[in-house]
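Have a look at upload.cif; it's mmCIF, C-alpha atoms:
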data_start
#
loop_
_atom_site.label_atom_id
_atom_site.label_comp_id
_atom_site.auth_asym_id
_atom_site.auth_seq_id
_atom_site.Cartn_x
_atom_site.Cartn_y
_atom_site.Cartn_z
CA VAL A 1 24.44 12.81 7.29
CA ASP A 2 23.69 16.50 7.64
CA GLY A 3 19.98 17.17 7.86
CA ARG A 4 16.90 17.55 10.01
CA ILE A 5 14.21 15.22 11.29
CA LEU A 6 10.76 16.47 10.33
CA VAL A 7 8.58 13.52 11.38
CA GLY A 8 9.60 10.67 13.66
CA ALA A 9 8.47 7.04 13.82
CA GLY A 10 5.33 7.87 15.75
CA GLY A 11 4.45 10.82 13.55
CA VAL A 12 5.73 13.31 16.16
CA LYS A 13 7.81 16.36 15.31
CA THR A 14 11.21 15.78 16.91
CA GLY A 15 13.14 18.95 16.19
CA ASN A 16 16.31 19.73 14.23
CA ALA A 17 18.72 17.28 15.74
CA LEU A 18 20.49 16.54 12.46
CA GLY A 19 20.77 19.96 10.86
CA PRO A 20 19.14 21.50 7.74
CA GLY A 21 19.56 19.08 4.81
CA LEU A 22 17.36 16.05 5.54
CA ALA A 23 13.71 15.25 6.30
CA LEU A 24 12.76 11.89 7.77
CA LYS A 25 9.13 10.82 7.30
CA ASN A 26 7.33 7.69 8.40
CA GLY A 27 5.57 5.86 5.57
CA GLY A 28 4.86 2.54 7.29
CA SER A 29 1.80 1.34 9.17
CA SER A 30 2.37 3.68 12.13
CA GLY A 31 2.43 6.63 9.72
CA LYS A 32 -0.84 5.49 8.12
CA GLY A 33 -2.64 4.72 11.38
CA THR A 34 -2.93 0.96 10.67
CA THR A 35 -0.35 -0.45 13.07
CA LEU A 36 -0.74 -4.02 14.33
CA ARG A 37 0.11 -4.58 17.98
CA GLY A 38 3.30 -6.58 18.23
CA ARG A 39 3.99 -6.23 14.47
CA SER A 40 4.90 -2.57 14.11
CA ASP A 41 6.82 -1.43 11.08
CA ALA A 42 8.00 1.91 9.82
CA ASP A 43 9.36 2.95 6.45
CA LEU A 44 11.57 5.90 7.34
CA VAL A 45 11.98 7.82 4.11
CA VAL A 46 15.00 10.12 4.22
CA PHE A 47 14.53 13.08 1.88
CA LEU A 48 18.00 14.40 1.11
CA ASP A 49 18.79 17.80 -0.35
CA TYR A 50 21.80 16.16 -1.98
CA LEU A 51 19.49 14.14 -4.25
CA THR A 52 18.13 16.39 -6.98
CA SER A 53 16.59 13.90 -9.42
CA PHE A 54 15.14 10.41 -9.64
CA ARG A 55 18.19 9.19 -11.52
CA GLU A 56 20.54 10.60 -8.90
CA GLN A 57 18.57 8.78 -6.21
CA PHE A 58 18.97 5.53 -8.14
CA GLU A 59 22.70 6.02 -8.69
CA ARG A 60 23.73 7.43 -5.28
CA ARG A 61 21.43 5.93 -2.66
CA ALA A 62 23.89 3.11 -1.88
CA GLU A 63 26.48 5.59 -0.60
CA PHE A 64 23.93 7.29 1.67
CA ILE A 65 22.70 3.94 2.95
CA GLU A 66 26.27 3.00 3.80
CA GLU A 67 26.81 6.28 5.66
CA ILE A 68 23.61 5.81 7.66
CA ARG A 69 24.71 2.25 8.45
CA ARG A 70 28.09 3.50 9.68
CA GLN A 71 26.52 6.05 12.02
CA LEU A 72 23.94 3.59 13.36
CA LYS A 73 26.63 1.05 14.15
CA ALA A 74 28.58 3.77 15.96
CA CYS A 75 25.50 4.50 18.06
CA GLN A 76 25.13 0.79 18.69
CA ARG A 77 28.71 0.47 19.95
CA GLU A 78 28.57 3.60 22.09
CA LYS A 79 25.11 2.76 23.51
CA ARG A 80 23.90 6.35 23.22
CA PHE A 81 20.22 5.46 23.61
CA ASP A 82 18.19 3.53 26.19
CA VAL A 83 16.96 1.13 23.50
CA GLU A 84 18.46 -1.81 21.72
CA PHE A 85 18.73 -1.99 17.95
CA GLU A 86 20.20 -4.39 15.48
CA VAL A 87 21.33 -3.32 12.02
CA GLN A 88 20.48 -5.98 9.45
CA GLY A 89 23.03 -7.23 6.93
CA GLN A 90 22.80 -6.18 3.29
CA GLN A 91 21.68 -8.77 0.75
CA TRP A 92 22.03 -6.77 -2.47
CA ALA A 93 24.87 -4.93 -4.18
CA ARG A 94 22.54 -1.97 -4.90
CA PRO A 95 20.20 -1.91 -1.86
CA ARG A 96 17.02 0.16 -1.78
CA ALA A 97 16.88 0.40 2.01
CA LEU A 98 18.76 -0.10 5.25
CA SER A 99 16.90 -2.34 7.71
CA PHE A 100 17.20 -2.40 11.49
CA VAL A 101 15.13 -3.52 14.48
CA LEU A 102 14.57 -1.22 17.45
CA THR A 103 13.62 -2.89 20.74
CA SER A 104 12.56 -1.37 24.04
CA PRO A 105 13.68 -3.35 27.12
CA GLN A 106 10.64 -2.06 29.02
CA LEU A 107 8.07 -3.18 26.43
CA ASN A 108 9.98 -6.19 25.12
CA GLU A 109 8.62 -5.43 21.65
CA GLY A 110 10.53 -4.64 18.50
CA VAL A 111 9.80 -2.28 15.63
CA GLU A 112 11.18 -3.06 12.19
CA PHE A 113 12.51 -0.06 10.31
CA ASP A 114 13.45 0.33 6.67
CA VAL A 115 15.40 3.52 5.97
CA LEU A 116 15.02 4.64 2.35
CA PRO A 117 16.93 7.61 0.90
CA ALA A 118 14.74 9.55 -1.54
CA PHE A 119 14.57 12.56 -3.83
CA ASP A 120 12.20 15.17 -2.37
CA VAL A 121 10.28 15.75 -5.58
CA LEU A 122 7.02 16.84 -3.89
CA GLY A 123 8.29 19.43 -1.41
CA GLN A 124 5.78 20.52 1.20
CA VAL A 125 2.58 18.45 1.02
CA THR A 126 -0.75 19.74 2.38
CA THR A 127 -4.04 17.89 2.84
CA SER A 128 -5.36 19.29 -0.47
CA TYR A 129 -2.09 18.76 -2.31
CA ARG A 130 -2.19 17.41 -5.87
CA PRO A 131 1.13 16.96 -7.67
CA ASP A 132 1.91 18.88 -10.83
CA PRO A 133 1.40 16.41 -13.73
CA ASP A 134 4.94 17.24 -14.88
CA ILE A 135 6.21 15.37 -11.81
CA TYR A 136 4.53 12.18 -12.99
CA VAL A 137 5.64 12.75 -16.59
CA LEU A 138 9.24 12.94 -15.35
CA LEU A 139 8.71 9.88 -13.14
CA ILE A 140 7.30 7.82 -16.03
CA LYS A 141 10.16 8.78 -18.36
CA GLU A 142 12.83 7.91 -15.78
CA CYS A 143 11.21 4.58 -14.89
CA GLN A 144 10.97 3.65 -18.57
CA SER A 145 14.56 4.74 -19.20
CA LEU A 146 15.87 2.67 -16.29
CA GLY A 147 13.42 -0.20 -16.74
CA LYS A 148 12.49 0.17 -13.07
CA GLU A 149 8.75 0.69 -12.63
CA GLY A 150 7.80 1.40 -9.01
CA GLU A 151 11.44 2.13 -8.19
CA PHE A 152 10.72 5.60 -6.81
CA SER A 153 7.57 4.99 -4.77
CA PRO A 154 9.33 6.18 -1.54
CA CYS A 155 9.36 9.69 -3.05
CA PHE A 156 5.56 9.67 -2.79
CA THR A 157 5.28 8.28 0.73
CA GLU A 158 3.45 11.36 2.04
CA LEU A 159 0.69 10.86 -0.53
CA GLN A 160 0.48 7.15 0.30
CA ARG A 161 0.16 8.03 3.96
CA ALA A 162 -2.45 10.75 3.35
CA PHE A 163 -4.50 8.36 1.18
CA LEU A 164 -5.01 6.03 4.16
CA ARG A 165 -4.84 8.38 7.15
CA GLN A 166 -7.91 10.35 6.06
CA ARG A 167 -10.10 7.23 6.11
CA PRO A 168 -12.71 6.51 8.81
CA THR A 169 -11.51 4.87 12.01
CA LYS A 170 -13.57 1.75 11.44
CA LEU A 171 -12.12 1.26 7.96
CA LYS A 172 -8.64 1.40 9.49
CA SER A 173 -9.77 -1.27 11.93
CA LEU A 174 -10.89 -3.42 9.00
CA ILE A 175 -7.52 -2.85 7.34
CA ARG A 176 -5.81 -4.03 10.53
CA LEU A 177 -7.99 -7.15 10.58
CA VAL A 178 -7.10 -7.93 6.95
CA LYS A 179 -3.42 -7.31 7.69
CA HIS A 180 -3.59 -9.63 10.70
CA TRP A 181 -5.16 -12.31 8.50
CA TYR A 182 -2.44 -11.72 5.92
CA GLN A 183 0.28 -12.09 8.56
CA LYS A 184 -1.23 -15.38 9.72
CA CYS A 185 -1.19 -16.58 6.09
CA LYS A 186 2.40 -15.41 5.77
CA ASP A 187 3.43 -17.26 8.93
CA LYS A 188 1.77 -20.42 7.60
CA LEU A 189 2.70 -20.25 3.92
CA GLY A 190 5.87 -18.19 3.79
CA LYS A 191 6.81 -16.53 0.50
CA PRO A 192 5.80 -15.79 -2.17
CA LEU A 193 2.66 -13.83 -1.33
CA PRO A 194 1.26 -10.59 -2.75
CA ALA A 195 2.46 -7.37 -1.19
CA GLN A 196 0.68 -6.48 2.04
CA TYR A 197 0.09 -2.97 0.68
CA ALA A 198 -2.00 -4.56 -2.09
CA LEU A 199 -4.32 -6.02 0.57
CA GLU A 200 -4.59 -2.62 2.27
CA LEU A 201 -5.60 -0.99 -1.01
CA LEU A 202 -7.99 -3.83 -1.79
CA THR A 203 -9.71 -3.20 1.55
CA VAL A 204 -10.08 0.50 0.78
CA TYR A 205 -11.47 -0.37 -2.65
CA ALA A 206 -14.00 -2.83 -1.18
CA TRP A 207 -15.21 -0.16 1.27
CA GLU A 208 -15.43 2.56 -1.40
CA GLN A 209 -17.44 0.36 -3.74
CA GLY A 210 -19.59 -1.43 -1.20
CA SER A 211 -20.15 0.82 1.79
CA ARG A 212 -18.64 4.31 2.11
CA GLN A 213 -20.24 4.48 5.58
CA THR A 214 -18.35 5.38 8.74
CA GLU A 215 -20.26 2.58 10.50
CA PHE A 216 -20.58 -0.77 8.78
CA ASN A 217 -20.67 -4.50 9.45
CA THR A 218 -17.09 -5.70 9.87
CA ALA A 219 -17.92 -9.29 8.92
CA GLN A 220 -19.37 -8.16 5.60
CA GLY A 221 -16.32 -6.03 4.89
CA PHE A 222 -13.90 -8.85 5.73
CA ARG A 223 -15.85 -11.33 3.62
CA THR A 224 -15.88 -8.91 0.68
CA VAL A 225 -12.09 -8.54 0.78
CA LEU A 226 -11.59 -12.32 0.85
CA GLU A 227 -13.95 -12.72 -2.11
CA LEU A 228 -11.96 -10.11 -4.03
CA VAL A 229 -8.81 -12.12 -3.25
CA LEU A 230 -10.56 -15.19 -4.70
CA ASN A 231 -11.25 -13.22 -7.88
CA TYR A 232 -7.71 -11.85 -8.19
CA GLN A 233 -7.61 -12.75 -11.91
CA GLN A 234 -10.27 -10.10 -12.62
CA LEU A 235 -8.88 -7.25 -10.49
CA CYS A 236 -7.96 -4.04 -12.26
CA ILE A 237 -8.05 -1.16 -9.77
CA TYR A 238 -6.71 2.37 -9.72
CA TRP A 239 -7.50 5.78 -8.25
CA THR A 240 -7.37 9.24 -9.81
CA LYS A 241 -6.88 11.30 -6.66
CA TYR A 242 -3.32 12.32 -7.50
CA TYR A 243 -3.03 11.53 -11.23
CA ASN A 244 -5.47 10.90 -14.09
CA PHE A 245 -5.78 10.59 -17.87
CA ASP A 246 -5.84 14.33 -18.65
CA ASP A 247 -2.14 14.66 -19.49
CA PRO A 248 -1.44 12.76 -22.75
CA VAL A 249 1.81 11.19 -21.50
CA ILE A 250 0.26 10.04 -18.21
CA GLY A 251 -2.95 8.97 -19.94
CA GLN A 252 -1.21 6.76 -22.50
CA TYR A 253 0.98 5.25 -19.79
CA LEU A 254 -2.04 4.46 -17.60
CA LYS A 255 -3.76 2.71 -20.50
CA ARG A 256 -0.71 0.49 -20.93
CA GLN A 257 -0.59 -0.20 -17.20
CA LEU A 258 -4.25 -1.18 -17.12
CA LYS A 259 -3.79 -3.64 -19.98
CA LYS A 260 -1.25 -5.67 -18.05
CA PRO A 261 -2.14 -9.20 -16.87
CA ARG A 262 -4.41 -9.26 -13.84
CA PRO A 263 -4.31 -8.49 -11.04
CA VAL A 264 -3.54 -4.81 -11.52
CA ILE A 265 -3.70 -2.62 -8.41
CA LEU A 266 -1.97 0.70 -9.05
CA ASP A 267 -0.44 2.60 -6.18
CA PRO A 268 -2.73 5.66 -5.79
CA ALA A 269 0.34 7.87 -5.33
CA ASP A 270 2.59 6.31 -8.00
CA PRO A 271 1.20 5.20 -11.39
CA THR A 272 4.36 3.20 -12.12
CA GLY A 273 3.79 0.95 -9.10
CA ASN A 274 1.53 -2.05 -9.75
CA VAL A 275 1.41 -3.43 -6.21
CA GLY A 276 -0.80 -6.26 -7.42
CA GLY A 277 2.04 -7.62 -9.54
CA GLY A 278 5.12 -9.51 -8.42
CA ASP A 279 5.59 -13.26 -8.24
CA PRO A 280 2.56 -14.83 -10.02
CA ARG A 281 2.52 -17.70 -7.50
CA GLY A 282 1.55 -15.38 -4.65
CA TRP A 283 -2.11 -14.67 -5.40
CA PRO A 284 -3.18 -18.31 -5.98
CA ARG A 285 -1.64 -19.30 -2.64
CA LEU A 286 -3.41 -16.47 -0.82
CA ALA A 287 -6.69 -17.24 -2.63
CA GLN A 288 -6.50 -20.83 -1.40
CA GLU A 289 -6.38 -19.57 2.18
CA ALA A 290 -9.22 -17.13 1.52
CA ARG A 291 -11.38 -19.96 0.19
CA ALA A 292 -10.75 -22.00 3.31
CA TRP A 293 -11.49 -19.06 5.60
CA LEU A 294 -14.83 -18.29 3.94
CA SER A 295 -16.13 -21.62 5.27
CA TYR A 296 -15.20 -20.78 8.88
CA PRO A 297 -17.91 -20.21 11.52
CA CYS A 298 -16.90 -16.56 11.89
CA PHE A 299 -18.70 -15.89 8.59
CA LYS A 300 -22.00 -17.16 9.92
CA ASN A 301 -24.51 -15.23 11.98
CA TRP A 302 -25.69 -16.50 15.35
CA ASP A 303 -28.72 -18.08 13.68
CA GLY A 304 -26.48 -20.05 11.29
CA SER A 305 -27.24 -17.95 8.23
CA PRO A 306 -24.23 -16.85 6.14
CA VAL A 307 -22.86 -13.35 6.53
CA GLY A 308 -23.48 -11.36 3.36
CA SER A 309 -20.87 -9.33 1.50
CA TRP A 310 -20.90 -5.88 -0.06
CA ASP A 311 -21.94 -5.43 -3.67
CA VAL A 312 -18.77 -4.74 -5.64
CA GLY A 313 -19.95 -6.30 -8.90
CA PRO A 314 -19.03 -4.94 -12.35
CA GLU A 315 -20.54 -1.79 -13.78
CA GLU A 316 -22.38 -1.80 -17.09
CA ASP A 317 -20.14 -1.08 -20.07
CA SER A 318 -20.47 2.30 -21.68
CA GLU A 319 -22.22 2.41 -25.03
CA ASP A 320 -19.62 4.85 -26.30
CA ASP A 321 -17.36 2.51 -28.25
CA THR A 322 -15.08 5.37 -29.28
CA LEU A 323 -13.57 5.28 -25.79
CA THR A 324 -11.15 2.63 -24.62
CA TRP A 325 -12.27 0.53 -21.65
CA ALA A 326 -9.76 2.42 -19.47
CA GLU A 327 -11.21 5.78 -20.48
CA ARG A 328 -14.76 4.52 -19.89
CA ALA A 329 -13.72 3.49 -16.42
CA TYR A 330 -12.20 6.88 -15.74
CA TYR A 331 -15.26 8.83 -16.81
CA GLN A 332 -17.65 6.55 -14.95
CA CYS A 333 -15.78 6.31 -11.66
CA ASP A 334 -12.99 8.64 -10.64
CA HIS A 335 -11.73 6.54 -7.74
CA GLY A 336 -11.26 3.16 -9.36
CA TRP A 337 -12.57 0.49 -11.65
CA ARG A 338 -14.72 -2.44 -10.55
CA PRO A 339 -13.39 -5.94 -11.24
CA GLU A 340 -14.91 -7.96 -14.08
CA PHE A 341 -16.18 -11.09 -12.35
CA PRO A 342 -16.60 -14.13 -14.62
CA GLN A 343 -20.13 -15.16 -15.49
CA THR A 344 -19.93 -18.39 -13.52
CA GLY A 345 -21.76 -17.49 -10.36
CA SER A 346 -18.64 -16.17 -8.64
CA THR A 347 -19.96 -12.62 -8.24
CA PRO A 348 -19.98 -11.84 -4.52
CA GLN A 349 -23.32 -12.10 -2.78
CA ARG A 350 -25.13 -8.81 -2.37
CA ALA A 351 -24.94 -7.54 1.18
CA SER A 352 -27.85 -8.41 3.40
CA ALA A 353 -29.23 -5.99 5.95
CA PRO A 354 -26.44 -5.04 8.35
CA ASP A 355 -26.23 -7.19 11.44
CA ALA A 356 -25.36 -5.70 14.78
CA GLU A 357 -21.61 -5.81 15.35
CA GLU A 358 -22.17 -7.64 18.62
CA ASN A 359 -23.61 -10.61 16.68
CA TRP A 360 -20.34 -11.44 14.98
CA THR A 361 -17.00 -12.59 16.30
CA CYS A 362 -13.91 -13.67 14.43
CA THR A 363 -11.19 -15.53 16.24
CA ILE A 364 -7.86 -15.78 14.42
CA LEU A 365 -5.79 -18.44 16.15
#
Mind turning this structure into structure tokens?
Amino acid sequence: VDGRILVGAGGVKTGNALGPGLALKNGGSSGKGTTLRGRSDADLVVFLDYLTSFREQFERRAEFIEEIRRQLKACQREKRFDVEFEVQGQQWARPRALSFVLTSPQLNEGVEFDVLPAFDVLGQVTTSYRPDPDIYVLLIKECQSLGKEGEFSPCFTELQRAFLRQRPTKLKSLIRLVKHWYQKCKDKLGKPLPAQYALELLTVYAWEQGSRQTEFNTAQGFRTVLELVLNYQQLCIYWTKYYNFDDPVIGQYLKRQLKKPRPVILDPADPTGNVGGGDPRGWPRLAQEARAWLSYPCFKNWDGSPVGSWDVGPEEDSEDDTLTWAERAYYQCDHGWRPEFPQTGSTPQRASAPDAEENWTCTIL
């Protein structure tokens, strides 16, 4: 495939080894700065000049995936690199990605890669970049026409990455802790479970609503996330960093999205992607594990008292009944909407005074 590599798996510029028609960008955990040791993953999004629309991406990506597969297998046979990699078999007639595992003999660790061809709808993205609303209008129309909501999220991988990379270092550490807990649940329970990205966004949401400090008590943050998992049936969360209700087409679509059955967690970069959706059996299974974990000793202080959680309770409803609940949420809080906890005593406990980090340990066996 003729093209160039703009960003490699570690986020390092690697030159123009493949020519001028392709940009390869890392959208996985290593690109976001939330990599787990021993469980690295990378979504390598291939932006092709040959793809000029969302629909063309949908219709032609299989042929590009097959060409990438052919060239990778040639590299595998010829042993061009001092690494070992295994190209995974295809399971679908119209695949979204090509998967392979790259292993270093020196480190004896593997990195899982998903290569996703995509339409470069955003172009060059800067730190202050905000997409033209027309991009999202086009995205919404194509997703509705194809009946494929969330289908084109790889096109917005740079915004997804920027949304997490700009966060404080300690919040990223909390995200890694939550991801590690999620992986332990996945190893124990198997599928179905909610998308891991939903847990990452839930952690960001908990921090935004309950802390917003660069230094905070990790135990309180972790407990808050688990309590939000317990209350998954009340979650309706979105951000307006890259899109909002101002455009009538986007605004009406967002209102429909936010009326869907809970949980709703919209991808901050892609309004068509409800990452809180999926198999309805996933959240109850994860909530069962969260309930068990909240009784573990790691959520008690050294004196035996329970670790508090951040206050992420519901806001008061607006008195302006001429606005829909979605519009009230937008005007009150431009980075998300607080969950409506049932009036049965399940509202998370208000955070107590922060304990010193040294007074809390959490061992995940």
task: Evaluate the PyMOL selection byres ((chain A and resi 247-263) around 9) on the structure here and hand back the selected residues as a ChimeraX atom specification.
output: /A:133-134,136-137,140,231-238,243-246,264-266,271-272,274,276-277,283,324-327
- request: Apply the PyMOL selection byres ((chain A and resi 58-73) around 10) to the structure shown and report the selected residues as a ChimeraX atom specification.
  value: /A:1,46,48,50-51,53-57,74-79,85-90,93-100,115-119,146,148,151-152
Output file for the selection above: C-alpha atoms, as a PDB file, keeping the file's coordinate frame:
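Just written: part.pdb:
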ATOM      1  CA  VAL A   1      24.440  12.810   7.290  1.00  0.00           C
ATOM      2  CA  VAL A  46      15.000  10.120   4.220  1.00  0.00           C
ATOM      3  CA  LEU A  48      18.000  14.400   1.110  1.00  0.00           C
ATOM      4  CA  TYR A  50      21.800  16.160  -1.980  1.00  0.00           C
ATOM      5  CA  LEU A  51      19.490  14.140  -4.250  1.00  0.00           C
ATOM      6  CA  SER A  53      16.590  13.900  -9.420  1.00  0.00           C
ATOM      7  CA  PHE A  54      15.140  10.410  -9.640  1.00  0.00           C
ATOM      8  CA  ARG A  55      18.190   9.190 -11.520  1.00  0.00           C
ATOM      9  CA  GLU A  56      20.540  10.600  -8.900  1.00  0.00           C
ATOM     10  CA  GLN A  57      18.570   8.780  -6.210  1.00  0.00           C
ATOM     11  CA  ALA A  74      28.580   3.770  15.960  1.00  0.00           C
ATOM     12  CA  CYS A  75      25.500   4.500  18.060  1.00  0.00           C
ATOM     13  CA  GLN A  76      25.130   0.790  18.690  1.00  0.00           C
ATOM     14  CA  ARG A  77      28.710   0.470  19.950  1.00  0.00           C
ATOM     15  CA  GLU A  78      28.570   3.600  22.090  1.00  0.00           C
ATOM     16  CA  LYS A  79      25.110   2.760  23.510  1.00  0.00           C
ATOM     17  CA  PHE A  85      18.730  -1.990  17.950  1.00  0.00           C
ATOM     18  CA  GLU A  86      20.200  -4.390  15.480  1.00  0.00           C
ATOM     19  CA  VAL A  87      21.330  -3.320  12.020  1.00  0.00           C
ATOM     20  CA  GLN A  88      20.480  -5.980   9.450  1.00  0.00           C
ATOM     21  CA  GLY A  89      23.030  -7.230   6.930  1.00  0.00           C
ATOM     22  CA  GLN A  90      22.800  -6.180   3.290  1.00  0.00           C
ATOM     23  CA  ALA A  93      24.870  -4.930  -4.180  1.00  0.00           C
ATOM     24  CA  ARG A  94      22.540  -1.970  -4.900  1.00  0.00           C
ATOM     25  CA  PRO A  95      20.200  -1.910  -1.860  1.00  0.00           C
ATOM     26  CA  ARG A  96      17.020   0.160  -1.780  1.00  0.00           C
ATOM     27  CA  ALA A  97      16.880   0.400   2.010  1.00  0.00           C
ATOM     28  CA  LEU A  98      18.760  -0.100   5.250  1.00  0.00           C
ATOM     29  CA  SER A  99      16.900  -2.340   7.710  1.00  0.00           C
ATOM     30  CA  PHE A 100      17.200  -2.400  11.490  1.00  0.00           C
ATOM     31  CA  VAL A 115      15.400   3.520   5.970  1.00  0.00           C
ATOM     32  CA  LEU A 116      15.020   4.640   2.350  1.00  0.00           C
ATOM     33  CA  PRO A 117      16.930   7.610   0.900  1.00  0.00           C
ATOM     34  CA  ALA A 118      14.740   9.550  -1.540  1.00  0.00           C
ATOM     35  CA  PHE A 119      14.570  12.560  -3.830  1.00  0.00           C
ATOM     36  CA  LEU A 146      15.870   2.670 -16.290  1.00  0.00           C
ATOM     37  CA  LYS A 148      12.490   0.170 -13.070  1.00  0.00           C
ATOM     38  CA  GLU A 151      11.440   2.130  -8.190  1.00  0.00           C
ATOM     39  CA  PHE A 152      10.720   5.600  -6.810  1.00  0.00           C
TER      40      PHE A 152
END
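The coordinates place atom CA of Val225 of chain A at 8.9 Å from atom CA of Tyr205 of chain A.
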message: Report, in Å to a single decimal, how far apart atom CA of Ala292 of chain A and atom CA of Leu202 of chain A are.
response: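 Atom-to-atom, atom CA of Leu202 of chain A and atom CA of Ala292 of chain A are spaced 19.1 Å apart.
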message: Given all atoms listed in the file as the basis, pick out the residue of A:Trp310, A:Lys184, A:Ala290, A:Thr127 nearest to Arg165 of chain A.
response: A:Thr127
field: Length of the atom CA of Leu164 of chain A to atom CA of Glu109 of chain A vector [Å]
entry: 25.0 Å
message: For a quick check of understanding, using all atoms listed in the file, which of A:Pro192, A:Pro168, A:Gly308, A:Pro154 has the smallest distance to Thr214 of chain A?
response: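 With all atoms listed in the file as the atom set, the closest residue is A:Pro168.
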Could you list the residues chosen by the PyMOL selection byres ((chain A and resi 213) around 12) in this structure as a short mmCIF file (atom, residue, chain, number, x, y, z; two decimals) with C-alpha atoms, in the coordinates of the input?
data_model
loop_
_atom_site.label_atom_id
_atom_site.label_comp_id
_atom_site.auth_asym_id
_atom_site.auth_seq_id
_atom_site.Cartn_x
_atom_site.Cartn_y
_atom_site.Cartn_z
CA ARG A 167 -10.10 7.23 6.11
CA PRO A 168 -12.71 6.51 8.81
CA THR A 169 -11.51 4.87 12.01
CA LYS A 170 -13.57 1.75 11.44
CA LEU A 171 -12.12 1.26 7.96
CA VAL A 204 -10.08 0.50 0.78
CA ALA A 206 -14.00 -2.83 -1.18
CA TRP A 207 -15.21 -0.16 1.27
CA GLU A 208 -15.43 2.56 -1.40
CA GLN A 209 -17.44 0.36 -3.74
CA GLY A 210 -19.59 -1.43 -1.20
CA SER A 211 -20.15 0.82 1.79
CA ARG A 212 -18.64 4.31 2.11
CA THR A 214 -18.35 5.38 8.74
CA GLU A 215 -20.26 2.58 10.50
CA PHE A 216 -20.58 -0.77 8.78
CA ASN A 217 -20.67 -4.50 9.45
CA THR A 218 -17.09 -5.70 9.87
CA GLY A 221 -16.32 -6.03 4.89
CA TRP A 310 -20.90 -5.88 -0.06
CA PRO A 354 -26.44 -5.04 8.35
#
- prompt: Do you know which residues are at most 12 Å from Arg291 of chain A counting only C-alpha atoms, after dropping those on the same chain fewer than 4 positions away, and could you put them as a PyMOL selection string?
  reply: chain A and resi 223-231+284-287+295-296+299
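Comparing the minimum interatomic distances between Arg161 of chain A and each of A:Val101, A:Val178, A:Cys298, A:Ala42, counting only C-alpha atoms, we find that A:Ala42 sits nearest.
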